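Visitor: See model-v5.pdb below, with PDB, C-alpha atoms.
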MODEL        1
ATOM      1  CA  MET E   1      73.125 106.035 119.397
ATOM      2  CA  ASP E   2      74.937 105.877 122.734
ATOM      3  CA  VAL E   3      75.153 102.259 123.908
ATOM      4  CA  GLN E   4      75.703 103.331 127.522
ATOM      5  CA  ALA E   5      72.494 105.369 127.380
ATOM      6  CA  LEU E   6      70.647 102.297 126.071
ATOM      7  CA  ARG E   7      72.030 100.172 128.902
ATOM      8  CA  THR E   8      70.973 102.832 131.385
ATOM      9  CA  PHE E   9      67.444 103.003 129.941
ATOM     10  CA  VAL E  10      67.051  99.216 130.167
ATOM     11  CA  ALA E  11      68.375  99.233 133.740
ATOM     12  CA  VAL E  12      65.866 101.916 134.818
ATOM     13  CA  ALA E  13      63.065 100.024 133.048
ATOM     14  CA  GLN E  14      63.963  96.850 134.942
ATOM     15  CA  THR E  15      64.472  98.394 138.378
ATOM     16  CA  GLY E  16      61.899 101.165 138.221
ATOM     17  CA  GLN E  17      64.271 103.482 140.078
ATOM     18  CA  PHE E  18      66.986 105.865 138.855
ATOM     19  CA  GLN E  19      69.014 105.256 142.014
ATOM     20  CA  ALA E  20      68.696 101.482 141.743
ATOM     21  CA  ALA E  21      69.836 101.660 138.126
ATOM     22  CA  ALA E  22      72.745 103.874 139.178
ATOM     23  CA  ASP E  23      73.788 101.326 141.807
ATOM     24  CA  GLU E  24      73.570  98.486 139.275
ATOM     25  CA  LEU E  25      75.660 100.366 136.706
ATOM     26  CA  GLY E  26      78.153 101.739 139.220
ATOM     27  CA  VAL E  27      77.498 105.410 138.385
ATOM     28  CA  SER E  28      75.813 108.339 140.087
ATOM     29  CA  GLN E  29      72.080 109.042 139.910
ATOM     30  CA  GLN E  30      72.959 112.307 138.162
ATOM     31  CA  ALA E  31      74.803 110.360 135.434
ATOM     32  CA  VAL E  32      71.738 108.156 134.938
ATOM     33  CA  SER E  33      69.494 111.227 134.592
ATOM     34  CA  LYS E  34      71.851 112.796 132.035
ATOM     35  CA  ARG E  35      72.033 109.631 129.938
ATOM     36  CA  ILE E  36      68.257 109.223 129.871
ATOM     37  CA  ALA E  37      67.759 112.883 128.963
ATOM     38  CA  ALA E  38      70.325 112.619 126.156
ATOM     39  CA  LEU E  39      68.662 109.461 124.794
ATOM     40  CA  GLU E  40      65.223 111.078 124.845
ATOM     41  CA  ARG E  41      66.582 114.138 123.017
ATOM     42  CA  HIS E  42      68.231 111.878 120.421
ATOM     43  CA  ILE E  43      65.048 109.984 119.529
ATOM     44  CA  GLY E  44      62.670 112.869 120.216
ATOM     45  CA  VAL E  45      60.247 111.162 122.629
ATOM     46  CA  THR E  46      59.746 110.721 126.370
ATOM     47  CA  LEU E  47      60.675 107.205 127.407
ATOM     48  CA  LEU E  48      60.278 107.346 131.172
ATOM     49  CA  VAL E  49      57.737 109.074 133.378
ATOM     50  CA  ARG E  50      59.029 109.916 136.836
ATOM     51  CA  SER E  51      56.788 109.922 139.912
ATOM     52  CA  SER E  52      57.165 109.946 143.672
ATOM     53  CA  ARG E  53      57.205 106.161 143.647
ATOM     54  CA  GLY E  54      59.914 105.842 140.980
ATOM     55  CA  SER E  55      59.823 105.689 137.191
ATOM     56  CA  ARG E  56      57.596 103.908 134.718
ATOM     57  CA  LEU E  57      57.754 103.450 130.995
ATOM     58  CA  SER E  58      55.762 105.786 128.802
ATOM     59  CA  LEU E  59      53.869 104.256 125.872
ATOM     60  CA  ASP E  60      56.840 105.145 123.640
ATOM     61  CA  GLY E  61      59.159 103.632 126.226
ATOM     62  CA  GLN E  62      57.196 100.363 126.177
ATOM     63  CA  VAL E  63      57.523 100.210 122.380
ATOM     64  CA  PHE E  64      61.225 101.125 122.493
ATOM     65  CA  LEU E  65      62.302  98.698 125.252
ATOM     66  CA  PRO E  66      62.368  95.409 123.258
ATOM     67  CA  HIS E  67      64.305  97.136 120.456
ATOM     68  CA  ALA E  68      66.812  98.491 122.976
ATOM     69  CA  ARG E  69      67.294  94.994 124.403
ATOM     70  CA  ARG E  70      67.876  93.542 120.925
ATOM     71  CA  ILE E  71      70.445  96.262 120.167
ATOM     72  CA  LEU E  72      72.320  95.543 123.397
ATOM     73  CA  ALA E  73      72.237  91.804 122.693
ATOM     74  CA  ALA E  74      73.691  92.443 119.218
ATOM     75  CA  VAL E  75      76.412  94.663 120.699
ATOM     76  CA  GLU E  76      77.312  91.974 123.237
ATOM     77  CA  GLN E  77      77.443  89.342 120.490
ATOM     78  CA  ALA E  78      79.709  91.572 118.389
ATOM     79  CA  GLU E  79      82.015  92.189 121.371
ATOM     80  CA  ARG E  80      82.234  88.471 122.140
ATOM     81  CA  ALA E  81      83.087  87.728 118.509
ATOM     82  CA  VAL E  82      86.287  89.782 118.634
ATOM     83  CA  ARG E  83      87.420  89.211 122.194
ATOM     84  CA  PRO E  84      90.862  87.579 122.345
ATOM     85  CA  GLY E  85      90.471  83.839 121.884
ATOM     86  CA  SER E  86      86.846  83.969 120.747
ATOM     87  CA  ARG E  87      87.711  83.459 117.054
ATOM     88  CA  PRO E  88      90.404  81.497 115.205
ATOM     89  CA  LEU E  89      93.908  82.916 115.065
ATOM     90  CA  ARG E  90      94.474  83.726 111.386
ATOM     91  CA  VAL E  91      98.135  83.275 110.367
ATOM     92  CA  ASP E  92      99.671  83.918 106.954
ATOM     93  CA  VAL E  93     102.266  81.200 106.258
ATOM     94  CA  LEU E  94     103.001  82.451 102.694
ATOM     95  CA  ASN E  95     103.281  78.958 101.148
ATOM     96  CA  ARG E  96     102.094  75.615 102.498
ATOM     97  CA  ARG E  97     105.289  73.825 101.424
ATOM     98  CA  ILE E  98     107.766  75.966 103.328
ATOM     99  CA  ALA E  99     109.033  76.266 106.905
ATOM    100  CA  PRO E 100     106.418  78.652 108.388
ATOM    101  CA  ALA E 101     103.595  76.300 107.426
ATOM    102  CA  GLN E 102     105.466  73.357 108.943
ATOM    103  CA  ALA E 103     106.184  75.350 112.123
ATOM    104  CA  VAL E 104     102.529  76.349 112.533
ATOM    105  CA  TYR E 105     101.477  72.753 111.891
ATOM    106  CA  ARG E 106     103.876  71.474 114.593
ATOM    107  CA  PHE E 107     102.457  74.088 116.955
ATOM    108  CA  TYR E 108      98.928  72.894 116.180
ATOM    109  CA  ARG E 109      99.937  69.264 116.764
ATOM    110  CA  SER E 110     101.413  70.170 120.145
ATOM    111  CA  HIS E 111      98.395  72.293 121.099
ATOM    112  CA  PRO E 112      95.406  70.173 119.996
ATOM    113  CA  GLY E 113      92.124  72.012 119.916
ATOM    114  CA  THR E 114      93.679  75.409 119.177
ATOM    115  CA  ASP E 115      91.325  77.427 116.989
ATOM    116  CA  LEU E 116      93.640  78.253 114.091
ATOM    117  CA  ASP E 117      93.320  79.284 110.464
ATOM    118  CA  ALA E 118      96.453  79.078 108.256
ATOM    119  CA  VAL E 119      96.240  81.142 105.062
ATOM    120  CA  THR E 120      98.664  81.981 102.242
ATOM    121  CA  LEU E 121      98.990  85.589 101.111
ATOM    122  CA  ASP E 122     101.324  84.452  98.352
ATOM    123  CA  LYS E 123     100.526  87.390  96.043
ATOM    124  CA  GLU E 124     101.553  90.010  98.621
ATOM    125  CA  ASN E 125     105.093  91.102  99.398
ATOM    126  CA  ALA E 126     106.306  91.740 102.958
ATOM    127  CA  VAL E 127     105.173  95.366 103.074
ATOM    128  CA  GLN E 128     101.711  94.431 101.819
ATOM    129  CA  ALA E 129     101.498  91.531 104.274
ATOM    130  CA  ALA E 130     102.397  93.884 107.144
ATOM    131  CA  GLN E 131      99.591  96.184 106.022
ATOM    132  CA  ALA E 132      97.189  93.215 105.992
ATOM    133  CA  VAL E 133      98.179  92.513 109.601
ATOM    134  CA  LEU E 134      97.695  96.164 110.527
ATOM    135  CA  GLU E 135      94.240  96.222 108.905
ATOM    136  CA  GLY E 136      93.200  92.981 110.602
ATOM    137  CA  THR E 137      92.919  90.826 107.473
ATOM    138  CA  VAL E 138      95.228  88.399 109.279
ATOM    139  CA  ASP E 139      96.474  88.335 112.855
ATOM    140  CA  ALA E 140     100.065  87.465 112.010
ATOM    141  CA  SER E 141     102.347  86.851 109.040
ATOM    142  CA  PHE E 142     105.734  85.191 108.548
ATOM    143  CA  ARG E 143     107.912  87.482 106.423
ATOM    144  CA  ALA E 144     111.464  88.751 106.028
ATOM    145  CA  LEU E 145     111.031  92.455 106.602
ATOM    146  CA  PRO E 146     113.783  94.955 107.482
ATOM    147  CA  ALA E 147     113.215  96.735 110.779
ATOM    148  CA  ASP E 148     113.009 100.144 109.093
ATOM    149  CA  GLN E 149     110.071  98.917 106.977
ATOM    150  CA  VAL E 150     107.950  97.662 109.865
ATOM    151  CA  PRO E 151     104.979 100.062 110.079
ATOM    152  CA  ALA E 152     103.889 101.726 113.298
ATOM    153  CA  GLY E 153     101.488  99.533 115.225
ATOM    154  CA  ILE E 154     103.212  96.294 114.127
ATOM    155  CA  HIS E 155     105.559  94.244 116.294
ATOM    156  CA  ALA E 156     108.182  92.066 114.580
ATOM    157  CA  GLU E 157     110.056  89.082 116.051
ATOM    158  CA  ARG E 158     112.610  86.996 114.152
ATOM    159  CA  LEU E 159     111.409  83.626 115.386
ATOM    160  CA  LEU E 160     112.132  81.197 112.559
ATOM    161  CA  ASP E 161     115.483  80.963 110.758
ATOM    162  CA  THR E 162     115.449  78.420 107.927
ATOM    163  CA  PRO E 163     118.841  77.033 106.796
ATOM    164  CA  LEU E 164     119.210  76.766 103.029
ATOM    165  CA  GLU E 165     120.065  73.597 101.158
ATOM    166  CA  LEU E 166     121.281  73.044  97.622
ATOM    167  CA  LEU E 167     118.982  70.879  95.482
ATOM    168  CA  VAL E 168     120.577  69.199  92.443
ATOM    169  CA  GLY E 169     120.139  66.238  90.133
ATOM    170  CA  PRO E 170     122.341  63.095  90.293
ATOM    171  CA  GLY E 171     124.590  64.300  87.467
ATOM    172  CA  HIS E 172     125.548  67.589  89.111
ATOM    173  CA  PRO E 173     129.232  67.929  90.158
ATOM    174  CA  LEU E 174     128.204  68.518  93.784
ATOM    175  CA  ALA E 175     125.607  65.727  93.915
ATOM    176  CA  ASP E 176     127.658  63.505  96.224
ATOM    177  CA  ALA E 177     129.005  66.203  98.542
ATOM    178  CA  PRO E 178     127.981  65.759 102.215
ATOM    179  CA  TRP E 179     127.793  69.549 102.511
ATOM    180  CA  VAL E 180     129.129  72.605 100.679
ATOM    181  CA  GLY E 181     130.002  76.167 101.609
ATOM    182  CA  PRO E 182     128.126  79.045 100.001
ATOM    183  CA  ALA E 183     131.327  80.261  98.324
ATOM    184  CA  ASP E 184     131.678  76.813  96.681
ATOM    185  CA  LEU E 185     128.597  77.617  94.613
ATOM    186  CA  ALA E 186     130.326  80.416  92.735
ATOM    187  CA  GLY E 187     130.346  79.542  89.048
ATOM    188  CA  HIS E 188     127.381  77.163  89.323
ATOM    189  CA  ARG E 189     124.068  78.214  87.834
ATOM    190  CA  ILE E 190     121.409  78.497  90.546
ATOM    191  CA  TRP E 191     117.928  78.798  89.085
ATOM    192  CA  ILE E 192     115.023  80.033  91.230
ATOM    193  CA  PRO E 193     112.145  80.757  88.842
ATOM    194  CA  GLY E 194     109.368  83.084  89.882
ATOM    195  CA  ILE E 195     111.349  85.623  91.911
ATOM    196  CA  ARG E 196     109.450  88.918  91.738
ATOM    197  CA  PRO E 197     111.691  91.995  91.976
ATOM    198  CA  ASP E 198     109.523  93.746  94.608
ATOM    199  CA  THR E 199     109.513  90.883  97.104
ATOM    200  CA  GLU E 200     111.495  90.189 100.242
ATOM    201  CA  TRP E 201     112.837  86.929  98.818
ATOM    202  CA  ALA E 202     114.245  88.872  95.853
ATOM    203  CA  ALA E 203     116.060  91.125  98.333
ATOM    204  CA  PHE E 204     117.298  88.080 100.246
ATOM    205  CA  TYR E 205     118.717  86.305  97.186
ATOM    206  CA  ARG E 206     120.287  89.531  95.934
ATOM    207  CA  ALA E 207     122.096  89.929  99.266
ATOM    208  CA  LEU E 208     123.148  86.264  99.198
ATOM    209  CA  SER E 209     124.510  86.609  95.662
ATOM    210  CA  GLU E 210     126.496  89.712  96.560
ATOM    211  CA  ALA E 211     127.888  88.199  99.766
ATOM    212  CA  PHE E 212     129.232  85.013  98.155
ATOM    213  CA  GLY E 213     129.618  85.890  94.460
ATOM    214  CA  LEU E 214     126.804  83.609  93.315
ATOM    215  CA  SER E 215     124.876  83.530  90.072
ATOM    216  CA  ILE E 216     121.193  83.297  90.998
ATOM    217  CA  ASP E 217     118.656  83.940  88.265
ATOM    218  CA  ALA E 218     114.941  83.693  87.726
ATOM    219  CA  LEU E 219     115.061  83.647  83.934
ATOM    220  CA  GLY E 220     112.388  81.847  81.965
ATOM    221  CA  PRO E 221     108.747  81.056  82.746
ATOM    222  CA  ASN E 222     107.786  79.550  86.068
ATOM    223  CA  PHE E 223     105.855  76.334  85.359
ATOM    224  CA  GLY E 224     105.733  75.331  89.011
ATOM    225  CA  ASP E 225     107.680  73.131  91.405
ATOM    226  CA  GLU E 226     107.147  69.905  89.459
ATOM    227  CA  ALA E 227     108.645  71.399  86.293
ATOM    228  CA  LEU E 228     111.620  72.672  88.304
ATOM    229  CA  MET E 229     112.211  69.186  89.730
ATOM    230  CA  ASP E 230     112.086  67.727  86.212
ATOM    231  CA  ALA E 231     114.649  70.259  84.977
ATOM    232  CA  LEU E 232     117.025  69.517  87.857
ATOM    233  CA  ALA E 233     116.814  65.780  87.280
ATOM    234  CA  ASP E 234     117.711  66.170  83.584
ATOM    235  CA  SER E 235     120.583  68.647  84.086
ATOM    236  CA  ALA E 236     124.219  68.159  85.050
ATOM    237  CA  SER E 237     124.714  71.865  85.763
ATOM    238  CA  LEU E 238     121.453  73.277  87.133
ATOM    239  CA  ALA E 239     120.840  73.767  90.853
ATOM    240  CA  THR E 240     118.327  75.537  93.066
ATOM    241  CA  LEU E 241     118.053  76.495  96.731
ATOM    242  CA  VAL E 242     115.370  75.296  99.145
ATOM    243  CA  GLY E 243     114.765  75.612 102.856
ATOM    244  CA  SER E 244     115.712  72.685 105.061
ATOM    245  CA  GLY E 245     112.126  72.376 106.270
ATOM    246  CA  ASP E 246     110.489  72.837 102.870
ATOM    247  CA  ARG E 247     108.458  69.921 101.568
ATOM    248  CA  TYR E 248     108.952  69.095  97.902
ATOM    249  CA  LEU E 249     108.087  65.830  96.194
ATOM    250  CA  TRP E 250     109.536  64.317  93.033
ATOM    251  CA  PRO E 251     109.479  60.934  91.336
ATOM    252  CA  HIS E 252     111.858  58.372  92.832
ATOM    253  CA  ASN E 253     113.798  58.003  89.597
ATOM    254  CA  HIS E 254     114.697  61.726  89.638
ATOM    255  CA  ASP E 255     117.171  60.913  92.443
ATOM    256  CA  LEU E 256     117.479  64.572  93.468
ATOM    257  CA  ARG E 257     119.940  65.403  96.262
ATOM    258  CA  ARG E 258     119.490  67.884  99.112
ATOM    259  CA  ILE E 259     122.888  69.144 100.229
ATOM    260  CA  PRO E 260     123.273  71.260 103.409
ATOM    261  CA  LEU E 261     125.158  74.544 103.239
ATOM    262  CA  HIS E 262     127.651  75.299 106.011
ATOM    263  CA  GLY E 263     130.578  77.564 106.705
ATOM    264  CA  PRO E 264     128.592  79.792 107.091
ATOM    265  CA  THR E 265     125.016  78.487 106.981
ATOM    266  CA  PRO E 266     122.760  80.901 105.041
ATOM    267  CA  VAL E 267     119.389  81.180 106.783
ATOM    268  CA  TYR E 268     116.187  82.763 105.592
ATOM    269  CA  PRO E 269     115.132  85.038 108.495
ATOM    270  CA  HIS E 270     111.377  84.606 108.897
ATOM    271  CA  VAL E 271     109.980  87.381 111.075
ATOM    272  CA  LEU E 272     106.577  87.015 112.731
ATOM    273  CA  LEU E 273     104.580  90.220 112.257
ATOM    274  CA  PHE E 274     101.598  90.932 114.508
ATOM    275  CA  ARG E 275      99.703  93.947 115.832
ATOM    276  CA  SER E 276     101.278  95.590 118.866
ATOM    277  CA  GLY E 277      99.315  94.727 121.981
ATOM    278  CA  ASP E 278      97.444  91.804 120.380
ATOM    279  CA  GLN E 279      96.303  89.623 123.282
ATOM    280  CA  HIS E 280      94.940  86.636 121.349
ATOM    281  CA  PRO E 281      95.896  83.658 123.554
ATOM    282  CA  ALA E 282      96.741  81.460 120.545
ATOM    283  CA  LEU E 283      99.172  84.119 119.279
ATOM    284  CA  THR E 284     100.907  84.201 122.662
ATOM    285  CA  ALA E 285     101.086  80.405 122.669
ATOM    286  CA  LEU E 286     102.483  80.332 119.106
ATOM    287  CA  ARG E 287     105.220  82.827 119.963
ATOM    288  CA  ASP E 288     106.155  80.865 123.104
ATOM    289  CA  HIS E 289     106.226  77.639 121.084
ATOM    290  CA  LEU E 290     108.532  79.090 118.430
ATOM    291  CA  ARG E 291     110.914  80.410 121.106
ATOM    292  CA  THR E 292     111.083  77.154 123.054
ATOM    293  CA  ALA E 293     110.369  74.321 120.602
ATOM    294  CA  GLY E 294     111.268  75.892 117.265
ATOM    295  CA  PRO E 295     114.516  75.069 115.425
ATOM    296  CA  ARG E 296     117.530  76.885 116.804
ATOM    297  CA  THR E 297     119.529  79.296 114.677
ATOM    298  CA  PRO E 298     122.838  77.645 113.583
ATOM    299  CA  HIS E 299     125.940  78.978 115.319
ATOM    300  CA  ASP E 300     127.455  79.929 111.955
ATOM    301  CA  ALA E 301     124.284  81.459 110.511
ATOM    302  CA  TRP E 302     124.486  84.100 107.800
ATOM    303  CA  ALA E 303     121.579  86.444 107.087
ATOM    304  CA  PRO E 304     121.408  89.768 105.233
ATOM    305  CA  ASN E 305     122.587  92.736 107.282
ATOM    306  CA  TRP E 306     119.072  94.215 107.096
ATOM    307  CA  ALA E 307     117.657  91.264 109.032
ATOM    308  CA  GLY E 308     117.248  92.034 112.711
ATOM    309  CA  PRO E 309     118.746  89.738 115.355
ATOM    310  CA  PRO E 310     116.967  86.446 116.077
ATOM    311  CA  ALA E 311     114.749  86.319 119.140
ATOM    312  CA  GLU E 312     116.517  85.114 122.254
ATOM    313  CA  PRO E 313     115.316  81.743 123.559
ATOM    314  CA  PRO E 314     113.823  81.885 127.079
ATOM    315  CA  GLY E 315     116.020  81.213 130.057
TER     316      GLY E 315
ENDMDL
END
Using the file provided, produce a representation of the structure as C-alpha cells.
Guide:
Amino acid sequence: MDVQALRTFVAVAQTGQFQAAADELGVSQQAVSKRIAALERHIGVTLLVRSSRGSRLSLDGQVFLPHARRILAAVEQAERAVRPGSRPLRVDVLNRRIAPAQAVYRFYRSHPGTDLDAVTLDKENAVQAAQAVLEGTVDASFRALPADQVPAGIHAERLLDTPLELLVGPGHPLADAPWVGPADLAGHRIWIPGIRPDTEWAAFYRALSEAFGLSIDALGPNFGDEALMDALADSASLATLVGSGDRYLWPHNHDLRRIPLHGPTPVYPHVLLFRSGDQHPALTALRDHLRTAGPRTPHDAWAPNWAGPPAEPPG
C-alpha cells in the first residue's frame, strides 16, 4: 500500500478539499486526485465522495480512516526508530580486554550520555565482521582488514594503532630488559594460543614472523588468558605478545613483565569499518575522538604491507 496515498487520503479527510490537501502536502491537485484514485483501486472501494462543496468520506471511507491514521503513525514511529541518533550506536570491539574496547570506553567517558552499545563479535573474522556492518547487525567494527577485502558500501579508516609488548615471566632472559627490538625475539618461543588460521590476527602474526624471523605458534589447547598467565609465570623460556592497551590480570606473585618493543615498534592496525554515508551522530563523534584524542602512531611503527596508511590527525 502506498504510504503517500494514505497521507493524501487523510489530508483530504481532514481538510474536506482536494486543493487544500494539495496545498498542505505541497503537490498539485491533479497529484492528489491520482493518489486517491490509485488507493481506491487498490482496496476496491470508494473512499471519498466529491461534491460542489468539496469532498466527504463515504461509509467505507469513515471505516478506513482510523486504520489509515494508525498505519501512518506506525510508519512515523518506524522512521523515527532508525533516524540517525535515535538509537544506540552499536560498535563491535572484538574483545573487551583489548585496545578497541578501551578506546570506545574513553570516548564514552569523554562524551557522557552518548547512547552506545559495545558488542563483541569474537567468533567472526574481519570479512564476516565487515559483512555484519554492511547488513546492519552492527554500525561499526574494529578490525585489521586489507583494503582489497573491504566490500563495496563499507568505508574503512585506520584509526587505532596498538603497539605490541612482550609479556614474560620473571625467569625469562629478557625479563629485565627496558625494551627490546622485534629482531631480538628471534630464537625465543612466542606462544599465542587460539589463533585461528582464517582470521586477520593470524595474517598479522604471520607477517610479523616473516618480517623479523620470529617463531610464533598457537600449538596446544587454549584454556584462556588465566592459564596463559600461569604458564608464563612458571616458564623461563615462554613469551607471548599483547597490545599496550590490553587489560590482563594475574596474581601478584606471578611477577609477569610487560616489555615494550621498539626499533621498529610493531603495531596492530585496527581499522574502523562502517557503512558509507552513515550519518549517526555518535559515529561521527567517535571518529573525531579517535583522530584527535586517540593514541598517536609511533614514529617507528611497523605494520604489515597490506595495512593501509593510518588516518591523518586533523590540522
Visitor: So, counting only C-alpha atoms, which residue among E:Ala101, E:Ala130, E:Val271, E:Leu47 is closest to Asp161 (chain E)?
Guide: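 Nearest candidate to Asp161 (chain E) out of E:Ala101, E:Ala130, E:Val271, E:Leu47: E:Val271.
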Visitor: Between CA of Phe64 (chain E) and CA of Arg35 (chain E), measure the distance and give it in Å to one decimal.
Guide: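 Here the two named atoms are 15.6 Å from each other.
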Visitor: Given the file shown, enumerate the residues that the PyMOL selection byres ((chain E and resi 311) around 6) captures and present them as a PyMOL selection string.
Guide: chain E and resi 158-159+310+312
Visitor: Name every residue that the PyMOL selection byres ((chain E and resi 174) around 10) selects in this structure, writing the answer as a VMD selection string with chains first and numbers rising.
Guide: chain E and resid 166 to 173 175 to 180 184 to 185 188 236 to 237 239 257 259
Visitor: Would you kindly translate the PyMOL selection byres ((chain E and resi 116-128) around 9) into the concrete residues it picks from this file, as a ChimeraX atom specification?
Guide: /E:87-96,101,104-105,108,113-115,129-133,138,141-145,149-151,198-201,282
Visitor: Any chance you can output those residues with C-alpha atoms as a PDB file, in the frame of the given file?
Guide:
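Done, and the output landed in part-v4.pdb:
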ATOM      1  CA  ARG E  87      87.711  83.459 117.054  1.00  0.00           C
ATOM      2  CA  PRO E  88      90.404  81.497 115.205  1.00  0.00           C
ATOM      3  CA  LEU E  89      93.908  82.916 115.065  1.00  0.00           C
ATOM      4  CA  ARG E  90      94.474  83.726 111.386  1.00  0.00           C
ATOM      5  CA  VAL E  91      98.135  83.275 110.367  1.00  0.00           C
ATOM      6  CA  ASP E  92      99.671  83.918 106.954  1.00  0.00           C
ATOM      7  CA  VAL E  93     102.266  81.200 106.258  1.00  0.00           C
ATOM      8  CA  LEU E  94     103.001  82.451 102.694  1.00  0.00           C
ATOM      9  CA  ASN E  95     103.281  78.958 101.148  1.00  0.00           C
ATOM     10  CA  ARG E  96     102.094  75.615 102.498  1.00  0.00           C
ATOM     11  CA  ALA E 101     103.595  76.300 107.426  1.00  0.00           C
ATOM     12  CA  VAL E 104     102.529  76.349 112.533  1.00  0.00           C
ATOM     13  CA  TYR E 105     101.477  72.753 111.891  1.00  0.00           C
ATOM     14  CA  TYR E 108      98.928  72.894 116.180  1.00  0.00           C
ATOM     15  CA  GLY E 113      92.124  72.012 119.916  1.00  0.00           C
ATOM     16  CA  THR E 114      93.679  75.409 119.177  1.00  0.00           C
ATOM     17  CA  ASP E 115      91.325  77.427 116.989  1.00  0.00           C
ATOM     18  CA  ALA E 129     101.498  91.531 104.274  1.00  0.00           C
ATOM     19  CA  ALA E 130     102.397  93.884 107.144  1.00  0.00           C
ATOM     20  CA  GLN E 131      99.591  96.184 106.022  1.00  0.00           C
ATOM     21  CA  ALA E 132      97.189  93.215 105.992  1.00  0.00           C
ATOM     22  CA  VAL E 133      98.179  92.513 109.601  1.00  0.00           C
ATOM     23  CA  VAL E 138      95.228  88.399 109.279  1.00  0.00           C
ATOM     24  CA  SER E 141     102.347  86.851 109.040  1.00  0.00           C
ATOM     25  CA  PHE E 142     105.734  85.191 108.548  1.00  0.00           C
ATOM     26  CA  ARG E 143     107.912  87.482 106.423  1.00  0.00           C
ATOM     27  CA  ALA E 144     111.464  88.751 106.028  1.00  0.00           C
ATOM     28  CA  LEU E 145     111.031  92.455 106.602  1.00  0.00           C
ATOM     29  CA  GLN E 149     110.071  98.917 106.977  1.00  0.00           C
ATOM     30  CA  VAL E 150     107.950  97.662 109.865  1.00  0.00           C
ATOM     31  CA  PRO E 151     104.979 100.062 110.079  1.00  0.00           C
ATOM     32  CA  ASP E 198     109.523  93.746  94.608  1.00  0.00           C
ATOM     33  CA  THR E 199     109.513  90.883  97.104  1.00  0.00           C
ATOM     34  CA  GLU E 200     111.495  90.189 100.242  1.00  0.00           C
ATOM     35  CA  TRP E 201     112.837  86.929  98.818  1.00  0.00           C
ATOM     36  CA  ALA E 282      96.741  81.460 120.545  1.00  0.00           C
TER      37      ALA E 282
END
